[in-house]
file upload.pdb (PDB, C-alpha atoms)
ATOM      1  CA  MET A 155     -23.107 -34.197  -9.256
ATOM      2  CA  LEU A 156     -21.084 -30.989  -9.096
ATOM      3  CA  SER A 157     -19.037 -30.266 -12.213
ATOM      4  CA  ILE A 158     -16.785 -27.388 -13.178
ATOM      5  CA  ASN A 159     -16.248 -26.277 -16.748
ATOM      6  CA  LEU A 160     -12.584 -25.320 -16.867
ATOM      7  CA  ARG A 161     -13.176 -23.435 -20.117
ATOM      8  CA  ASN A 162     -15.856 -21.160 -18.679
ATOM      9  CA  ILE A 163     -14.836 -20.117 -15.163
ATOM     10  CA  ASP A 164     -16.408 -16.846 -14.039
ATOM     11  CA  PHE A 165     -13.242 -15.031 -12.922
ATOM     12  CA  VAL A 166     -14.783 -11.570 -13.119
ATOM     13  CA  SER A 167     -17.443 -12.322 -10.502
ATOM     14  CA  ARG A 168     -14.681 -13.421  -8.099
ATOM     15  CA  ARG A 169     -12.650 -10.259  -8.490
ATOM     16  CA  LYS A 170     -13.824  -8.716  -5.197
ATOM     17  CA  PHE A 171     -12.457 -11.664  -3.245
ATOM     18  CA  ALA A 172      -9.219 -11.480  -5.261
ATOM     19  CA  TYR A 173      -8.930  -7.749  -4.530
ATOM     20  CA  ALA A 174      -9.370  -8.353  -0.805
ATOM     21  CA  LEU A 175      -6.755 -11.127  -0.862
ATOM     22  CA  SER A 176      -4.265  -8.993  -2.778
ATOM     23  CA  VAL A 177      -4.796  -5.910  -0.623
ATOM     24  CA  ALA A 178      -4.313  -7.962   2.559
ATOM     25  CA  ALA A 179      -1.143  -9.588   1.185
ATOM     26  CA  ILE A 180       0.279  -6.263  -0.004
ATOM     27  CA  ALA A 181      -0.507  -4.583   3.337
ATOM     28  CA  LEU A 182       1.215  -7.401   5.224
ATOM     29  CA  SER A 183       4.218  -7.207   2.894
ATOM     30  CA  LEU A 184       4.541  -3.433   3.234
ATOM     31  CA  LEU A 185       4.216  -3.592   7.018
ATOM     32  CA  SER A 186       6.928  -6.219   7.197
ATOM     33  CA  LEU A 187       9.171  -4.239   4.843
ATOM     34  CA  GLY A 188       8.587  -1.076   6.858
ATOM     35  CA  PHE A 189       9.075  -2.471  10.361
ATOM     36  CA  LYS A 190      11.176  -5.605   9.931
ATOM     37  CA  GLY A 191      13.021  -4.720   6.748
ATOM     38  CA  MET A 192      15.074  -7.087   4.609
ATOM     39  CA  ASN A 193      17.798  -9.487   5.642
ATOM     40  CA  LEU A 194      20.298  -7.920   3.263
ATOM     41  CA  GLY A 195      23.192 -10.047   2.089
ATOM     42  CA  LEU A 196      26.814  -8.980   1.975
ATOM     43  CA  ASP A 197      26.286  -7.547  -1.517
ATOM     44  CA  PHE A 198      24.319  -4.732   0.138
ATOM     45  CA  THR A 199      25.691  -4.517   3.672
ATOM     46  CA  GLY A 200      29.367  -4.844   2.845
ATOM     47  CA  GLY A 201      31.769  -7.378   4.338
ATOM     48  CA  THR A 202      34.488  -9.752   3.227
ATOM     49  CA  GLN A 203      34.353 -12.489   0.633
ATOM     50  CA  MET A 204      37.033 -15.159   0.241
ATOM     51  CA  GLU A 205      37.562 -18.004  -2.182
ATOM     52  CA  LEU A 206      39.439 -20.991  -0.764
ATOM     53  CA  GLY A 207      40.800 -23.950  -2.689
ATOM     54  CA  PHE A 208      41.746 -27.353  -1.264
ATOM     55  CA  SER A 209      43.685 -30.239  -2.781
ATOM     56  CA  ASP A 210      41.027 -32.744  -1.669
ATOM     57  CA  ALA A 211      37.322 -32.655  -0.856
ATOM     58  CA  ILE A 212      36.555 -30.978   2.453
ATOM     59  CA  GLU A 213      33.507 -30.761   4.698
ATOM     60  CA  LEU A 214      31.940 -27.328   5.139
ATOM     61  CA  ALA A 215      31.681 -27.891   8.904
ATOM     62  CA  GLN A 216      35.468 -28.253   9.054
ATOM     63  CA  VAL A 217      35.951 -24.983   7.178
ATOM     64  CA  THR A 218      33.460 -23.199   9.445
ATOM     65  CA  LYS A 219      35.240 -24.493  12.552
ATOM     66  CA  ALA A 220      38.620 -23.189  11.370
ATOM     67  CA  ILE A 221      37.215 -19.772  10.408
ATOM     68  CA  GLU A 222      35.468 -19.306  13.756
ATOM     69  CA  ALA A 223      38.659 -20.405  15.531
ATOM     70  CA  ALA A 224      40.412 -17.521  13.753
ATOM     71  CA  GLY A 225      38.065 -15.099  15.541
ATOM     72  CA  LEU A 226      35.811 -14.453  12.531
ATOM     73  CA  PRO A 227      32.160 -14.624  13.658
ATOM     74  CA  ASP A 228      29.054 -15.671  11.668
ATOM     75  CA  PRO A 229      30.713 -16.943   8.480
ATOM     76  CA  THR A 230      28.590 -18.076   5.533
ATOM     77  CA  VAL A 231      30.335 -21.068   3.973
ATOM     78  CA  GLN A 232      29.320 -22.835   0.773
ATOM     79  CA  TYR A 233      30.787 -24.851  -2.044
ATOM     80  CA  PHE A 234      31.796 -22.905  -5.114
ATOM     81  CA  GLY A 235      31.730 -25.248  -8.102
ATOM     82  CA  THR A 236      33.199 -28.429  -6.550
ATOM     83  CA  ASN A 237      33.582 -29.804  -3.029
ATOM     84  CA  ARG A 238      37.209 -28.661  -3.118
ATOM     85  CA  ASP A 239      36.349 -25.017  -3.768
ATOM     86  CA  VAL A 240      34.733 -23.041  -0.946
ATOM     87  CA  LEU A 241      33.278 -19.541  -0.903
ATOM     88  CA  VAL A 242      33.305 -17.772   2.471
ATOM     89  CA  ARG A 243      31.395 -14.595   3.281
ATOM     90  CA  LEU A 244      31.950 -12.626   6.469
ATOM     91  CA  PRO A 245      29.792  -9.782   7.829
ATOM     92  CA  PRO A 246      31.455  -6.400   8.434
ATOM     93  CA  SER A 247      33.737  -6.442  11.493
ATOM     94  CA  GLU A 248      37.181  -5.283  12.566
ATOM     95  CA  GLU A 249      38.444  -8.873  12.457
ATOM     96  CA  SER A 250      37.333  -9.450   8.859
ATOM     97  CA  ASN A 251      39.079  -6.236   7.747
ATOM     98  CA  ASP A 252      42.429  -7.374   9.119
ATOM     99  CA  PRO A 253      45.108  -6.984   6.394
ATOM    100  CA  GLN A 254      46.775 -10.134   7.792
ATOM    101  CA  LEU A 255      43.594 -12.147   7.329
ATOM    102  CA  ASN A 256      45.181 -14.744   5.061
ATOM    103  CA  THR A 257      47.925 -15.432   7.624
ATOM    104  CA  ARG A 258      45.365 -15.817  10.423
ATOM    105  CA  LEU A 259      43.309 -18.241   8.361
ATOM    106  CA  THR A 260      46.288 -20.391   7.426
ATOM    107  CA  ALA A 261      47.362 -20.616  11.069
ATOM    108  CA  SER A 262      43.823 -21.414  12.173
ATOM    109  CA  PHE A 263      43.450 -24.309   9.719
ATOM    110  CA  LYS A 264      46.743 -25.761  10.927
ATOM    111  CA  ALA A 265      45.723 -25.345  14.581
ATOM    112  CA  THR A 266      42.416 -27.174  14.045
ATOM    113  CA  GLY A 267      44.100 -30.023  12.192
ATOM    114  CA  GLY A 268      42.628 -29.150   8.823
ATOM    115  CA  PRO A 269      44.345 -28.965   5.439
ATOM    116  CA  THR A 270      46.041 -25.711   4.472
ATOM    117  CA  PRO A 271      43.830 -23.836   1.989
ATOM    118  CA  ASP A 272      44.922 -21.999  -1.102
ATOM    119  CA  ILE A 273      43.475 -18.524  -0.484
ATOM    120  CA  ARG A 274      42.790 -17.515  -4.072
ATOM    121  CA  ARG A 275      40.917 -14.291  -3.497
ATOM    122  CA  ILE A 276      39.951 -11.929  -0.678
ATOM    123  CA  GLU A 277      37.583  -9.046  -1.432
ATOM    124  CA  PHE A 278      36.528  -6.292   0.954
ATOM    125  CA  LEU A 279      33.190  -4.664   0.189
ATOM    126  CA  GLY A 280      32.504  -1.413   2.030
ATOM    127  CA  ALA A 281      29.121  -0.355   3.375
ATOM    128  CA  GLN A 282      29.063   2.645   1.036
ATOM    129  CA  VAL A 283      29.260   0.358  -1.986
ATOM    130  CA  GLY A 284      26.457  -1.727  -0.499
ATOM    131  CA  ASN A 285      24.250   1.347  -0.072
ATOM    132  CA  GLU A 286      24.880   2.326  -3.684
ATOM    133  CA  LEU A 287      23.827  -1.150  -4.801
ATOM    134  CA  VAL A 288      20.581  -0.842  -2.811
ATOM    135  CA  GLU A 289      19.809   2.518  -4.433
ATOM    136  CA  ASP A 290      20.753   1.327  -7.927
ATOM    137  CA  GLY A 291      18.697  -1.839  -7.513
ATOM    138  CA  GLY A 292      15.616   0.084  -6.428
ATOM    139  CA  LEU A 293      16.088   2.513  -9.304
ATOM    140  CA  ALA A 294      16.356  -0.393 -11.759
ATOM    141  CA  VAL A 295      13.009  -1.797 -10.592
ATOM    142  CA  LEU A 296      11.312   1.632 -10.858
ATOM    143  CA  ILE A 297      12.686   2.205 -14.362
ATOM    144  CA  ALA A 298      11.452  -1.235 -15.434
ATOM    145  CA  LEU A 299       7.967  -0.501 -14.095
ATOM    146  CA  GLY A 300       7.896   2.906 -15.817
ATOM    147  CA  CYS A 301       8.955   1.484 -19.181
ATOM    148  CA  ILE A 302       6.342  -1.267 -18.912
ATOM    149  CA  ALA A 303       3.577   1.248 -18.148
ATOM    150  CA  LEU A 304       4.633   3.417 -21.100
ATOM    151  CA  TYR A 305       4.717   0.424 -23.455
ATOM    152  CA  VAL A 306       1.245  -0.788 -22.471
ATOM    153  CA  TRP A 307      -0.121   2.766 -22.647
ATOM    154  CA  LEU A 308       1.139   3.162 -26.223
ATOM    155  CA  ARG A 309       0.080  -0.298 -27.343
ATOM    156  CA  PHE A 310      -3.346  -0.450 -25.715
ATOM    157  CA  GLU A 311      -4.997   2.355 -23.733
ATOM    158  CA  GLN A 312      -4.420   4.143 -20.438
ATOM    159  CA  ARG A 313      -6.912   2.008 -18.482
ATOM    160  CA  PHE A 314      -5.063  -1.124 -19.519
ATOM    161  CA  ALA A 315      -1.738   0.547 -18.723
ATOM    162  CA  VAL A 316      -2.962   1.181 -15.171
ATOM    163  CA  GLY A 317      -4.130  -2.430 -14.863
ATOM    164  CA  ALA A 318      -0.778  -3.741 -16.103
ATOM    165  CA  LEU A 319       1.151  -1.426 -13.787
ATOM    166  CA  VAL A 320      -0.922  -2.438 -10.749
ATOM    167  CA  ALA A 321      -0.380  -6.137 -11.528
ATOM    168  CA  THR A 322       3.319  -5.636 -12.210
ATOM    169  CA  MET A 323       3.845  -3.760  -8.929
ATOM    170  CA  HIS A 324       1.735  -6.340  -7.108
ATOM    171  CA  ASP A 325       4.127  -9.209  -7.933
ATOM    172  CA  PRO A 326       7.506  -7.834  -6.745
ATOM    173  CA  ILE A 327       5.899  -6.370  -3.600
ATOM    174  CA  LEU A 328       4.570  -9.785  -2.572
ATOM    175  CA  THR A 329       7.887 -11.442  -3.442
ATOM    176  CA  LEU A 330       9.811  -8.893  -1.376
ATOM    177  CA  GLY A 331       7.257  -9.294   1.403
ATOM    178  CA  TYR A 332       7.922 -13.020   1.587
ATOM    179  CA  PHE A 333      11.677 -12.451   1.833
ATOM    180  CA  SER A 334      11.096  -9.889   4.579
ATOM    181  CA  LEU A 335       8.691 -12.073   6.590
ATOM    182  CA  SER A 336      10.807 -15.216   6.263
ATOM    183  CA  GLY A 337      14.129 -13.447   6.859
ATOM    184  CA  THR A 338      15.647 -15.089   3.775
ATOM    185  CA  SER A 339      18.860 -13.408   2.679
ATOM    186  CA  PHE A 340      18.361 -10.814  -0.061
ATOM    187  CA  ASP A 341      21.347 -10.374  -2.367
ATOM    188  CA  LEU A 342      22.093  -9.382  -5.955
ATOM    189  CA  THR A 343      20.914 -12.720  -7.370
ATOM    190  CA  VAL A 344      17.517 -12.211  -5.726
ATOM    191  CA  LEU A 345      17.351  -8.681  -7.124
ATOM    192  CA  ALA A 346      18.011 -10.121 -10.588
ATOM    193  CA  ALA A 347      15.142 -12.561 -10.010
ATOM    194  CA  ILE A 348      12.832  -9.675  -9.006
ATOM    195  CA  LEU A 349      13.569  -7.938 -12.310
ATOM    196  CA  ALA A 350      12.882 -11.216 -14.131
ATOM    197  CA  VAL A 351       9.565 -11.510 -12.268
ATOM    198  CA  VAL A 352       8.583  -8.029 -13.468
ATOM    199  CA  GLY A 353       9.226  -9.042 -17.082
ATOM    200  CA  TYR A 354       7.493 -12.404 -16.682
ATOM    201  CA  SER A 355       4.406 -10.819 -15.164
ATOM    202  CA  VAL A 356       3.909  -8.234 -17.877
ATOM    203  CA  ASN A 357       4.435 -10.858 -20.607
ATOM    204  CA  ASP A 358       1.527 -12.934 -19.288
ATOM    205  CA  THR A 359      -0.601  -9.798 -18.901
ATOM    206  CA  ILE A 360       0.045  -8.679 -22.482
ATOM    207  CA  VAL A 361      -1.176 -12.052 -23.796
ATOM    208  CA  VAL A 362      -4.481 -11.614 -21.964
ATOM    209  CA  PHE A 363      -4.802  -7.989 -23.121
ATOM    210  CA  ASP A 364      -4.248  -9.000 -26.754
ATOM    211  CA  ARG A 365      -7.044 -11.545 -26.500
ATOM    212  CA  ILE A 366      -9.325  -8.961 -24.866
ATOM    213  CA  ARG A 367      -8.689  -6.580 -27.778
ATOM    214  CA  GLU A 368      -9.489  -9.302 -30.306
ATOM    215  CA  ASN A 369     -12.668 -10.322 -28.501
ATOM    216  CA  PHE A 370     -13.903  -6.748 -28.144
ATOM    217  CA  ARG A 371     -13.826  -6.550 -31.952
ATOM    218  CA  ARG A 372     -15.478  -9.938 -32.467
ATOM    219  CA  MET A 373     -17.958 -10.216 -29.563
ATOM    220  CA  ARG A 374     -19.865  -7.051 -30.408
ATOM    221  CA  LYS A 375     -22.993  -7.873 -28.402
ATOM    222  CA  ALA A 376     -21.137  -9.017 -25.286
ATOM    223  CA  THR A 377     -20.686  -6.804 -22.246
ATOM    224  CA  PRO A 378     -17.136  -5.766 -21.232
ATOM    225  CA  ALA A 379     -17.286  -8.188 -18.281
ATOM    226  CA  GLU A 380     -18.240 -11.069 -20.592
ATOM    227  CA  VAL A 381     -15.427 -10.197 -22.996
ATOM    228  CA  VAL A 382     -12.829 -10.056 -20.209
ATOM    229  CA  ASN A 383     -14.074 -13.325 -18.738
ATOM    230  CA  ALA A 384     -13.993 -15.107 -22.104
ATOM    231  CA  SER A 385     -10.503 -13.771 -22.841
ATOM    232  CA  ILE A 386      -9.078 -14.989 -19.531
ATOM    233  CA  ASN A 387     -10.606 -18.440 -20.070
ATOM    234  CA  GLN A 388      -9.246 -18.655 -23.613
ATOM    235  CA  THR A 389      -5.702 -17.851 -22.504
ATOM    236  CA  MET A 390      -5.872 -19.987 -19.346
ATOM    237  CA  SER A 391      -4.317 -23.105 -20.867
ATOM    238  CA  ARG A 392      -1.444 -21.071 -22.294
ATOM    239  CA  SER A 393      -0.797 -19.386 -18.946
ATOM    240  CA  LEU A 394      -0.859 -22.640 -16.985
ATOM    241  CA  ILE A 395       1.367 -24.510 -19.443
ATOM    242  CA  THR A 396       3.906 -21.671 -19.580
ATOM    243  CA  SER A 397       3.957 -21.242 -15.816
ATOM    244  CA  GLY A 398       4.048 -24.986 -15.175
ATOM    245  CA  THR A 399       6.966 -25.736 -17.483
ATOM    246  CA  THR A 400       8.922 -22.760 -16.152
ATOM    247  CA  LEU A 401       8.243 -23.846 -12.577
ATOM    248  CA  VAL A 402       9.602 -27.328 -13.265
ATOM    249  CA  VAL A 403      12.948 -25.834 -14.279
ATOM    250  CA  VAL A 404      13.059 -23.323 -11.430
ATOM    251  CA  ILE A 405      12.102 -25.920  -8.803
ATOM    252  CA  ALA A 406      14.881 -28.172 -10.084
ATOM    253  CA  MET A 407      17.237 -25.202  -9.780
ATOM    254  CA  PHE A 408      16.015 -24.603  -6.216
ATOM    255  CA  PHE A 409      16.724 -28.159  -5.043
ATOM    256  CA  PHE A 410      19.795 -29.031  -7.113
ATOM    257  CA  GLY A 411      21.396 -25.690  -7.994
ATOM    258  CA  GLY A 412      23.275 -25.290  -4.739
ATOM    259  CA  PRO A 413      23.148 -22.592  -2.047
ATOM    260  CA  MET A 414      24.251 -19.793  -4.381
ATOM    261  CA  LEU A 415      21.102 -20.197  -6.503
ATOM    262  CA  HIS A 416      18.715 -20.878  -3.620
ATOM    263  CA  GLY A 417      17.485 -17.302  -3.171
ATOM    264  CA  PHE A 418      17.344 -16.667  -6.925
ATOM    265  CA  ALA A 419      15.225 -19.759  -7.561
ATOM    266  CA  LEU A 420      12.970 -19.089  -4.559
ATOM    267  CA  ALA A 421      12.211 -15.554  -5.776
ATOM    268  CA  LEU A 422      11.354 -16.897  -9.237
ATOM    269  CA  ILE A 423       9.052 -19.581  -7.818
ATOM    270  CA  ILE A 424       7.108 -17.027  -5.779
ATOM    271  CA  GLY A 425       7.110 -14.514  -8.641
ATOM    272  CA  ILE A 426       5.816 -17.002 -11.220
ATOM    273  CA  LEU A 427       2.965 -18.156  -8.969
ATOM    274  CA  VAL A 428       1.992 -14.617  -7.985
ATOM    275  CA  GLY A 429       2.442 -13.350 -11.563
ATOM    276  CA  THR A 430       0.088 -15.990 -12.969
ATOM    277  CA  TYR A 431      -2.483 -15.084 -10.324
ATOM    278  CA  SER A 432      -2.206 -11.335 -11.007
ATOM    279  CA  SER A 433      -2.535 -11.697 -14.781
ATOM    280  CA  ILE A 434      -5.828 -13.526 -14.219
ATOM    281  CA  PHE A 435      -7.384 -11.708 -11.266
ATOM    282  CA  VAL A 436      -5.722  -8.284 -11.147
ATOM    283  CA  ALA A 437      -4.585  -6.764 -14.457
ATOM    284  CA  SER A 438      -7.689  -7.269 -16.595
ATOM    285  CA  THR A 439     -10.220  -6.747 -13.835
ATOM    286  CA  VAL A 440      -8.591  -3.471 -12.748
ATOM    287  CA  ALA A 441      -8.893  -2.213 -16.334
ATOM    288  CA  LEU A 442     -12.527  -3.322 -16.296
ATOM    289  CA  GLU A 443     -13.165  -1.460 -13.020
ATOM    290  CA  LEU A 444     -11.715   1.694 -14.586
ATOM    291  CA  GLY A 445     -14.314   1.506 -17.359
ATOM    292  CA  ALA A 446     -12.433  -0.148 -20.238
ATOM    293  CA  SER A 447     -14.817  -0.741 -23.113
ATOM    294  CA  ARG A 448     -14.888  -1.830 -26.735
ATOM    295  CA  LYS A 449     -14.424   1.669 -28.157
ATOM    296  CA  ASP A 450     -11.192   2.135 -26.190
ATOM    297  CA  LEU A 451      -9.508  -0.550 -28.301
ATOM    298  CA  MET A 452     -11.024   0.226 -31.706
ATOM    299  CA  LYS A 453      -9.012   1.917 -34.427
ATOM    300  CA  ILE A 454      -9.936   5.586 -34.821
ATOM    301  CA  ASP A 455     -10.764   7.203 -38.163
ATOM    302  CA  LYS A 456      -8.409  10.192 -38.477
ATOM    303  CA  GLU A 457     -10.995  12.238 -40.411
ATOM    304  CA  THR A 458     -14.113  11.646 -38.315
ATOM    305  CA  GLY A 459     -12.471  10.808 -34.992
ATOM    306  CA  ARG A 460     -14.849   7.860 -34.587
ATOM    307  CA  PRO A 461     -14.058   4.181 -34.021
ATOM    308  CA  ILE A 462     -13.746   2.102 -37.197
ATOM    309  CA  GLU A 463     -16.108  -0.872 -37.181
ATOM    310  CA  GLU A 464     -14.306  -3.997 -38.430
ATOM    311  CA  ALA A 465     -16.070  -6.685 -40.376
TER     312      ALA A 465
END
call {"tool": "encode", "arguments": {"input": "upload.pdb", "output": "structure tokens"}}
result
Amino acid sequence: MLSINLRNIDFVSRRKFAYALSVAAIALSLLSLGFKGMNLGLDFTGGTQMELGFSDAIELAQVTKAIEAAGLPDPTVQYFGTNRDVLVRLPPSEESNDPQLNTRLTASFKATGGPTPDIRRIEFLGAQVGNELVEDGGLAVLIALGCIALYVWLRFEQRFAVGALVATMHDPILTLGYFSLSGTSFDLTVLAAILAVVGYSVNDTIVVFDRIRENFRRMRKATPAEVVNASINQTMSRSLITSGTTLVVVIAMFFFGGPMLHGFALALIIGILVGTYSSIFVASTVALELGASRKDLMKIDKETGRPIEEA
């Protein structure tokens, strides 16, 4: 009878397959990002955003019908808090930039037999502002990656810093690749989720690295591959419990949080799954491939320059 010991899985021997899988997924993601690009939301492309209030509950289809009747194409309509509050987003167009937009909307609702809305807010977002948000968002991700690499380099050793950086870049690239391939709208909430994914990924990686450092000092006769394998197995339950409980919350947010949180929750779901995978199969094994060994993590005697053997 075939049995699997969940406390002694040989992850290191499967690293070649994991590398091939990750490289293929990253290549597909980069190709999609390069040729297809992202379906950027109004936060990045510019456009018009309106907040409408109604005295009674209203169907979104009725709101969409009235907006399209006003000559405003491709509106994105969703509830904003309650079913009496509606948020409308319009792509850039001459019609949506009309200074008499509120008058047109009021007339259109009356013409279609709908209730007259209270137009609480109309915001016009220019394309230049959207481009600045794209640049600032990309810069924020790069700064986060740089700070993470510096932190791991100072706390551990350069080989581990490279492993952590590779794993941390791996996760947002695959998340962005999914959004590009699926054509899911990418807005500021999704960008916030990407930054959260970067932090989540490195947190899981640091836990594994800490255990590797401890085991290098305790398992003196073990090879580096055996130490890495044992460390991943020992932290497996922690990783799965943390990821599982977080996923329960995020999945609930995805299904019950409403359209405004849909993209945010989806990015977190993908990021958590990919981040757990990369902390197991990418970060530690990359450091191992680069030649990480026991002496790299030992304390150094300032006088002799040699590693200090701990009891």
call {"tool": "closest_residue", "arguments": {"input": "upload.pdb", "among": "A:Leu342, A:Ile366, A:Met390, A:Val382", "to": "A:Ala421", "atoms": "only C-alpha atoms"}}
result
A:Leu342
call {"tool": "atom_distance", "arguments": {"input": "upload.pdb", "atom1": "atom CA of A:Met414", "atom2": "atom CA of A:Gln254"}}
result
27.4 Å
call {"tool": "resolve_selection", "arguments": {"input": "upload.pdb", "expression": "the PyMOL selection byres ((chain A and resi 276) around 8)", "output": "PyMOL selection string"}}
result
chain A and resi 202-205+273-275+277-278
call {"tool": "write_last_selection", "arguments": {"input": "upload.pdb", "atoms": "C-alpha atoms", "output": "PDB file, keeping the file's coordinate frame"}}
result
ATOM      1  CA  THR A 202      34.488  -9.752   3.227  1.00  0.00           C
ATOM      2  CA  GLN A 203      34.353 -12.489   0.633  1.00  0.00           C
ATOM      3  CA  MET A 204      37.033 -15.159   0.241  1.00  0.00           C
ATOM      4  CA  GLU A 205      37.562 -18.004  -2.182  1.00  0.00           C
ATOM      5  CA  ILE A 273      43.475 -18.524  -0.484  1.00  0.00           C
ATOM      6  CA  ARG A 274      42.790 -17.515  -4.072  1.00  0.00           C
ATOM      7  CA  ARG A 275      40.917 -14.291  -3.497  1.00  0.00           C
ATOM      8  CA  GLU A 277      37.583  -9.046  -1.432  1.00  0.00           C
ATOM      9  CA  PHE A 278      36.528  -6.292   0.954  1.00  0.00           C
TER      10      PHE A 278
END
call {"tool": "residues_around", "arguments": {"input": "upload.pdb", "residues": "A:Gly268", "least_positions_apart": "2", "cutoff": "12 Å", "atoms": "only C-alpha atoms", "output": "NGL selection string"}}
result
:A and (208-221 or 223 or 259-266 or 270-271)
call {"tool": "closest_residue", "arguments": {"input": "upload.pdb", "among": "A:Phe198, A:Tyr332, A:Phe363, A:Tyr173", "to": "A:Ser438", "atoms": "all atoms listed in the file"}}
result
A:Phe363
call {"tool": "closest_residue", "arguments": {"input": "upload.pdb", "among": "A:Val351, A:Met373, A:Leu244, A:Val362", "to": "A:Thr400", "atoms": "only C-alpha atoms"}}
result
A:Val351
call {"tool": "resolve_selection", "arguments": {"input": "upload.pdb", "expression": "the PyMOL selection byres ((chain A and resi 291) around 10)", "output": "number ranges by chain"}}
result
A: 198, 285-290, 292-297, 342, 345-346, 348-349
call {"tool": "closest_residue", "arguments": {"input": "upload.pdb", "among": "A:Gly201, A:Gly188, A:Gly300, A:Gly207", "to": "A:Leu241", "atoms": "all atoms listed in the file"}}
result
A:Gly207
call {"tool": "axis_aligned_box", "arguments": {"input": "upload.pdb", "around": "stretch 294-305 of chain A", "padding_each_side": "6 Å", "output": "lines of an AutoDock Vina configuration file"}}
result
center_x = 10.0
center_y = 0.8
center_z = -17.0
size_x = 24.8
size_y = 17.2
size_z = 24.9
call {"tool": "residues_around", "arguments": {"input": "upload.pdb", "residues": "A:Thr430", "least_positions_apart": "5", "cutoff": "8 Å", "atoms": "all atoms listed in the file", "output": "tab-separated table (two decimals) with C-alpha atoms, in the coordinates of the input"}}
result
chain	number	residue	atom	x	y	z
A	355	SER	CA	4.41	-10.82	-15.16
A	358	ASP	CA	1.53	-12.93	-19.29
A	393	SER	CA	-0.80	-19.39	-18.95
A	394	LEU	CA	-0.86	-22.64	-16.98
A	397	SER	CA	3.96	-21.24	-15.82
call {"tool": "closest_residue", "arguments": {"input": "upload.pdb", "among": "A:Phe340, A:Phe171, A:Phe165, A:Phe435", "to": "A:Asn387", "atoms": "all atoms listed in the file"}}
result
A:Phe165
call {"tool": "closest_residue", "arguments": {"input": "upload.pdb", "among": "A:Ala174, A:Ala179, A:Ala315, A:Met192", "to": "A:Ile360", "atoms": "all atoms listed in the file"}}
result
A:Ala315
call {"tool": "resolve_selection", "arguments": {"input": "upload.pdb", "expression": "the PyMOL selection byres ((chain A and resi 226) around 9)", "output": "MDAnalysis selection string"}}
result
chainID A and resid 221:225 227:229 244:245 247 249:250
call {"tool": "write_last_selection", "arguments": {"input": "upload.pdb", "atoms": "C-alpha atoms", "output": "short mmCIF file (atom, residue, chain, number, x, y, z; two decimals), keeping the file's coordinate frame"}}
result
data_model
loop_
_atom_site.label_atom_id
_atom_site.label_comp_id
_atom_site.auth_asym_id
_atom_site.auth_seq_id
_atom_site.Cartn_x
_atom_site.Cartn_y
_atom_site.Cartn_z
CA ILE A 221 37.22 -19.77 10.41
CA GLU A 222 35.47 -19.31 13.76
CA ALA A 223 38.66 -20.40 15.53
CA ALA A 224 40.41 -17.52 13.75
CA GLY A 225 38.06 -15.10 15.54
CA PRO A 227 32.16 -14.62 13.66
CA ASP A 228 29.05 -15.67 11.67
CA PRO A 229 30.71 -16.94 8.48
CA LEU A 244 31.95 -12.63 6.47
CA PRO A 245 29.79 -9.78 7.83
CA SER A 247 33.74 -6.44 11.49
CA GLU A 249 38.44 -8.87 12.46
CA SER A 250 37.33 -9.45 8.86
#
call {"tool": "atom_distance", "arguments": {"input": "upload.pdb", "atom1": "atom CA of A:Ile434", "atom2": "atom CA of A:Val166"}}
result
9.2 Å
call {"tool": "atom_distance", "arguments": {"input": "upload.pdb", "atom1": "atom CA of A:Asn162", "atom2": "atom CA of A:Val428"}}
result
21.8 Å
call {"tool": "residues_around", "arguments": {"input": "upload.pdb", "residues": "A:Ser334", "least_positions_apart": "3", "cutoff": "9 Å", "atoms": "all atoms listed in the file", "output": "tab-separated table (two decimals) with C-alpha atoms, keeping the file's coordinate frame"}}
result
chain	number	residue	atom	x	y	z
A	183	SER	CA	4.22	-7.21	2.89
A	186	SER	CA	6.93	-6.22	7.20
A	187	LEU	CA	9.17	-4.24	4.84
A	190	LYS	CA	11.18	-5.60	9.93
A	191	GLY	CA	13.02	-4.72	6.75
A	192	MET	CA	15.07	-7.09	4.61
A	193	ASN	CA	17.80	-9.49	5.64
A	329	THR	CA	7.89	-11.44	-3.44
A	330	LEU	CA	9.81	-8.89	-1.38
A	331	GLY	CA	7.26	-9.29	1.40
A	337	GLY	CA	14.13	-13.45	6.86
A	338	THR	CA	15.65	-15.09	3.78
A	339	SER	CA	18.86	-13.41	2.68
A	340	PHE	CA	18.36	-10.81	-0.06
